[in-house]
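A.B. asks: Here it is, the structure in full.
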Amino acid sequence: METEVRLESSLWVGIKRYRAVLSGWHFNWTEVDKKNRDKKTISVPVAEVVGVEEGRVEILPQKSVEDTDKDFTVFYVKRISSGSSCGLLWRLGRIQFSCPSRVLRDQWTKHLRTALKTHSPLRPNRLLVFINPFGGKKKGRKIYHSLVAPLFELAGISSHVVVTERANQARDHLLKKDLTGFDGVVCVGGDGMFSEILHGLIGRTQQEAGLSENDPTVALQPCPLHIGIIPAGSTDCVCYATVGVIDAVTSALHIIIGDSQPLDVCSVHQASALMRYSVSLLGYGFYGDVLAESEKHRWMGPLRYDYSGTMVYLSNRSYAGIVQYLPADPLLSSPRDRTRCLSGCSVCSRSTERLFRHSSESGSLYSSHFSQFSSDSEGEWVSVEGRFRCVSLTCMSSSCPKSPLGLSPSAHLADGTGDLILVWDTHPLGFLKFLYRHTSTEDQFDLPFVEVHRVKAVRFSLPSGKEEEVYKETGGLREGIDEEERGYIETVSRNGSQQHLAERDTGQEMTNEQKMATPFLCGLCCSKAPAKSVWNCDGEILSSTEILCRIHGQLVRLYARGIEDGAAMHNCGKENDNCQMGCTLNK
Ligand SMILES: CCCCCCCCCCCCC/C=C/[C@@H](O)[C@H](COP(=O)(O)O)NC(=O)CCCCC
Ligand SMILES: Nc1ncnc2c1ncn2[C@@H]1O[C@H](COP(=O)(O)OP(=O)(O)O)[C@@H](O)[C@H]1O
Ligand SMILES: [Ca+2]
């Protein structure tokens with residue numbers, strides 16, 4: 001049995017004396033005053049030590065090494081509060097120690113290096129990096145070379161960098177080229193670039209396992225390589241929802257220390273063909289229209305979504321559809337339980353056991369998923385039909401700077417479920433209220449025309465010709481229904497039995513304000529609203545409308561750890577500035 005590394009000695013930082021202790025999971029140093037009394041302690045988990053160098057080393061503004069033989073420098077993760085974002089910013093902390101002898105210095109560097117290997121076994125040695133030079137504000141290359149590459153170098157990571165020259169180059173590389181020796185793949189870009197990596201890695205893994213991605217019932221094999229995201233895109237939702245901040249240095253440090261965050265992935269099929277995978281947003285109606293509109297205005301950069309969002313909102317559209325879903329176990333969690341999936345989430349941890357339960361027995365991962373598509377579970381599908389402003393499915397909260405709590409604030413990153421959000425047709429100001437609540441802490445699901453369901457799978461289809469006649473397009477409100485009623489008809493089928501619900505009560509009275517806004521909003525839109533929308537699949541438009549979606553629990557792993565709760569990081573119980581014990585969170 002390996003014995004735990006322990007080392008304790010006096011060390012100097014400038015003229016101050018410190019008692020430094022490396023024991024188990026922690027490295028800490030306490031200032032000792034002239035009367036031998038302990039002053040401030042800084043404690044760093046060994047797993048968060050970025051690197052240990054002989055001599056006095058600096059890397060910013062540029063690397064410099066003073067090769068003195070009694071000194072060593074420790075680089076570590078230091079947290080600072082991020083202001084507006086929900087997570088914590090990570091920065092590179094640095095401390096230069098002086099030892100009484102070279103022998104002791106060598107002992108410290110050796111023990112620290114051994115300890116950090118033991119306590120963070122997933123640290124990458126070699127990474128494959130793809131940079132999209134055109135993502136977001138087109139700063140991907142600069143962000144990587146000025147902020148990320150020096151940190152990778154410091155941590156001893158070697159990287160093979162590919163600056164993409166066309167869309168799907170990264171995906172094709174991962175599908176075809178030799179990936180031997182790489183521990184992970186890093187994308188520098190936005191959600192679209194992440195999606196390329198996701199498709200390449202999932203595809204490659206299934207190819208090697210001899211599994212057909214076109215079969216929607218197949219139990220997909222989890223990907224062995226980790227994915228790192230350096231945010232340099234427009235929405236950067238996957239990064240925000242898994243790290244809590246959009247910050248290249250924070251993300252680079254998560255990669256360096258080999259953090260590992262499993263992530264659910266949704267497969268999207270049409271008949272027997274795989275269309276795409278999704279993690280953040282699979283959206284029909286509003287989000288599909290926004291994406292289609294925004295593609296015409298790519299030159300605007302990230303602002304294209306604000307512009308297109310406004311235009312699409314003003315066009316006031318709703319679409320007919322049939323949504324069927326397979327509910328997840330309501331005893332495990334609920335999208336309305338007001339909890340949040342944070343770092344170390346217990347719902348996700350418990351799910352790991354449930355999702356992989358049969359793997360050791362049957363030799364096949366995900367065998368429990370497979371059973372949910374057997375004929376036995378057919379009866380559990382719920383079906384709703386009507387007109388929708390939008391139908392959205394997300395495997396995680398999908399928080400992003402535009403919406404800090406996200407599309408579904410209580411969704412989980414790795415519980416094997418997705419949240420289905422149905423926004424029924426409603427008055428324009430009602431829909432505006434729904435959208436607006438995404439920007440605040442007000443509950444966007446607490447509206448009479450909104451439903452949210454935690455699901456394992458979803459099917460979407462268009463109503464048959466007969467039903468389409470009934471719901472003839474009039475741009476927002478349906479023909480034949482009195483405008484004052486603002487209701488709609490839905491056909492609900494639970495466990496196969498058809499139930500006809502006339503007039504869903506939206507519970508809303510039209511205010512004078514709304515009445516005044518109606519002619520203006522409808523004037524922009526009423527004549528030529530299309531009968532169908534498109535699906536927005538993580539920023540890509542799907543070519544089919546009728547789809548089958550299925551959530552695959554923990555199919556990929558990111559170099560991340562979920563959103564850290566700032567308050568909980570202070571294990572000393574003191575506020576930022578007074579924090580002295582067991583905590584590296586500084587203002
Ligand atoms: C009155 C204020 C209205 C504000 C509405 C805010 C709602 C925002 C929810 C955003 C969820 C985003 C989910 C992520 C989607 C991305 O995958 C996708 C592609 O991103 P990228 O590759 O970086 O371009 N982004 C979008 O589809 C943008 C949706 C914007 C909707 C307004
Ligand atoms: N060199 C390239 N030229 C054009 N498109 C690219 C290139 N590299 C990647 N892409 C594509 O650009 C799309 C958007 O990239 P992304 O990095 O997500 O930026 P944004 O967040 O601004 O949309 C992705 O779908 C990706 O496939
Ligand atoms: Ca999930």
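Every chain in the structure tokens takes a letter, A first, then B, and so on in the order presented; its residues are numbered from 1, and the ligands are numbered from 1 following the presented order.
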Which protein, DNA or RNA residues have an atom within 9 Å of ligand 3, counting only C-alpha atoms and all ligand atoms, as a short mmCIF file (atom, residue, chain, number, x, y, z; two decimals) with N, CA, C and O atoms, in the first residue's frame?
C.D. replies:
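The resulting file, selection06.cif, is reproduced below:
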data_model
loop_
_atom_site.label_atom_id
_atom_site.label_comp_id
_atom_site.auth_asym_id
_atom_site.auth_seq_id
_atom_site.Cartn_x
_atom_site.Cartn_y
_atom_site.Cartn_z
N LEU A 263 -21.56 14.69 -18.90
CA LEU A 263 -22.61 15.50 -19.51
C LEU A 263 -23.59 14.61 -20.28
O LEU A 263 -23.17 13.73 -21.03
N ASP A 264 -24.88 14.87 -20.09
CA ASP A 264 -25.91 14.16 -20.86
C ASP A 264 -25.93 14.70 -22.29
O ASP A 264 -25.68 15.88 -22.52
N VAL A 265 -26.26 13.81 -23.22
CA VAL A 265 -26.34 14.22 -24.63
C VAL A 265 -27.64 13.69 -25.21
O VAL A 265 -28.05 12.56 -24.92
N VAL A 279 -26.77 19.23 -26.78
CA VAL A 279 -26.66 19.29 -25.32
C VAL A 279 -27.36 20.51 -24.74
O VAL A 279 -27.89 20.48 -23.65
N CYS A 348 -26.91 14.22 -9.66
CA CYS A 348 -26.07 13.66 -10.74
C CYS A 348 -25.23 12.49 -10.22
O CYS A 348 -25.07 11.49 -10.91
N THR A 394 -33.81 20.63 -23.41
CA THR A 394 -32.42 20.87 -23.03
C THR A 394 -31.95 19.82 -22.04
O THR A 394 -32.71 19.43 -21.15
N CYS A 395 -30.71 19.37 -22.21
CA CYS A 395 -30.17 18.34 -21.29
C CYS A 395 -29.61 18.96 -20.03
O CYS A 395 -29.18 18.26 -19.12
N MET A 396 -29.50 20.29 -19.99
CA MET A 396 -28.89 20.97 -18.84
C MET A 396 -29.58 22.32 -18.66
O MET A 396 -30.51 22.62 -19.40
N SER A 397 -29.13 23.14 -17.72
CA SER A 397 -29.85 24.40 -17.49
C SER A 397 -29.77 25.32 -18.71
O SER A 397 -30.67 26.12 -18.95
N ALA A 411 -32.43 22.13 -14.16
CA ALA A 411 -32.02 20.94 -14.93
C ALA A 411 -30.64 20.49 -14.45
O ALA A 411 -29.87 21.27 -13.88
N HIS A 412 -30.34 19.22 -14.70
CA HIS A 412 -29.06 18.64 -14.25
C HIS A 412 -28.16 18.29 -15.42
O HIS A 412 -28.63 17.84 -16.46
N LEU A 413 -26.86 18.49 -15.20
CA LEU A 413 -25.88 18.24 -16.26
C LEU A 413 -25.74 16.76 -16.59
O LEU A 413 -25.48 16.40 -17.73
N ALA A 414 -25.91 15.90 -15.59
CA ALA A 414 -25.51 14.51 -15.79
C ALA A 414 -26.47 13.52 -15.12
O ALA A 414 -26.04 12.55 -14.52
N ASP A 415 -27.77 13.77 -15.21
CA ASP A 415 -28.74 12.89 -14.54
C ASP A 415 -29.45 11.96 -15.52
O ASP A 415 -30.36 11.23 -15.14
N GLY A 416 -29.07 12.03 -16.81
CA GLY A 416 -29.70 11.15 -17.80
C GLY A 416 -31.09 11.61 -18.21
O GLY A 416 -31.82 10.84 -18.84
N THR A 417 -31.45 12.85 -17.90
CA THR A 417 -32.76 13.36 -18.32
C THR A 417 -32.60 14.72 -19.00
O THR A 417 -31.56 15.38 -18.87
N GLY A 418 -33.66 15.13 -19.69
CA GLY A 418 -33.70 16.46 -20.27
C GLY A 418 -34.99 17.15 -19.80
O GLY A 418 -35.89 16.49 -19.28
N ASP A 419 -35.04 18.45 -19.96
CA ASP A 419 -36.27 19.18 -19.61
C ASP A 419 -36.94 19.64 -20.90
O ASP A 419 -36.31 20.30 -21.75
N ARG A 454 -39.78 16.82 -17.01
CA ARG A 454 -38.47 16.14 -17.03
C ARG A 454 -38.66 14.82 -17.78
O ARG A 454 -39.54 14.04 -17.46
N ILE A 551 -32.37 11.01 -24.57
CA ILE A 551 -31.25 11.49 -23.75
C ILE A 551 -30.35 10.30 -23.39
O ILE A 551 -30.82 9.29 -22.89
N HIS A 552 -29.06 10.48 -23.62
CA HIS A 552 -28.06 9.47 -23.26
C HIS A 552 -27.28 10.02 -22.07
O HIS A 552 -26.53 10.99 -22.22
N GLY A 553 -27.48 9.40 -20.92
CA GLY A 553 -26.88 9.93 -19.69
C GLY A 553 -25.37 9.83 -19.70
O GLY A 553 -24.80 8.80 -20.04
N GLN A 554 -24.72 10.95 -19.37
CA GLN A 554 -23.26 10.99 -19.16
C GLN A 554 -22.47 10.39 -20.33
O GLN A 554 -21.54 9.62 -20.14
#
A.B. asks: Would you return as JSON, numbers by chain the members of region 128-366 of chain A that DSSP assigns to alpha helix (DSSP H) on this structure's backbone?
C.D. replies: {"A": [140, 141, 142, 143, 149, 150, 151, 152, 153, 154, 169, 170, 171, 172, 173, 174, 175, 176, 191, 192, 193, 194, 195, 196, 197, 198, 199, 200, 201, 202, 203, 204, 205, 206, 207, 208, 209, 237, 238, 239, 240, 241, 242, 243, 248, 249, 250, 251, 252, 253, 254, 255, 256, 286, 287, 288, 289, 290, 291, 292, 293, 294, 295, 303, 304, 305, 306, 307, 308, 309, 310, 311, 312, 313, 314, 315, 346, 347, 348, 349, 350, 351, 352, 353, 354, 355, 359, 360, 361, 362]}
A.B. asks: To check your reading of the model: which residues sit at most 7 Å from ligand 1 when counting only C-alpha atoms and all ligand atoms? Write the answer as a PyMOL selection string.
C.D. replies: chain A and resi 136+190-193+233-237+280-281+287+290-291+305-306+309+398-400+402-403+406-407+432+435-436+438-439+536-539
A.B. asks: Find the residue from A:Val458, A:Leu420, A:Cys187, A:Leu542 that sits nearest to ligand 2; use only C-alpha atoms and all ligand atoms when measuring.
C.D. replies: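 Answer, going by the shortest atom-to-atom distance: A:Cys187.
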A.B. asks: Taking only C-alpha atoms and all ligand atoms into account, list the residues no farther than 8 Å from ligand 2, as JSON, numbers by chain.
C.D. replies: {"A": [131, 132, 133, 134, 135, 136, 137, 138, 163, 164, 165, 166, 167, 168, 169, 170, 188, 189, 190, 191, 192, 193, 194, 195, 196, 232, 233, 234, 235, 236, 301, 302, 539, 540]}
A.B. asks: From the list A:His269, A:His145, A:Lys456, A:His254, which residue is nearest Pro330 (chain A) when using only C-alpha atoms?
C.D. replies: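 Residue with the minimum atom-to-atom distance to Pro330 (chain A): A:Lys456.
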A.B. asks: What separation in Å, quoted to one decimal, exists between CA of Gly344 (chain A) and CA of Leu558 (chain A)?
C.D. replies: 14.3 Å
A.B. asks: Smallest atom-to-atom distance to Gly200 (chain A): which of A:Ile59, A:Leu179, A:Val49, A:Ile80, using only C-alpha atoms?
C.D. replies: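 Nearest candidate to Gly200 (chain A) out of A:Ile59, A:Leu179, A:Val49, A:Ile80: A:Leu179.
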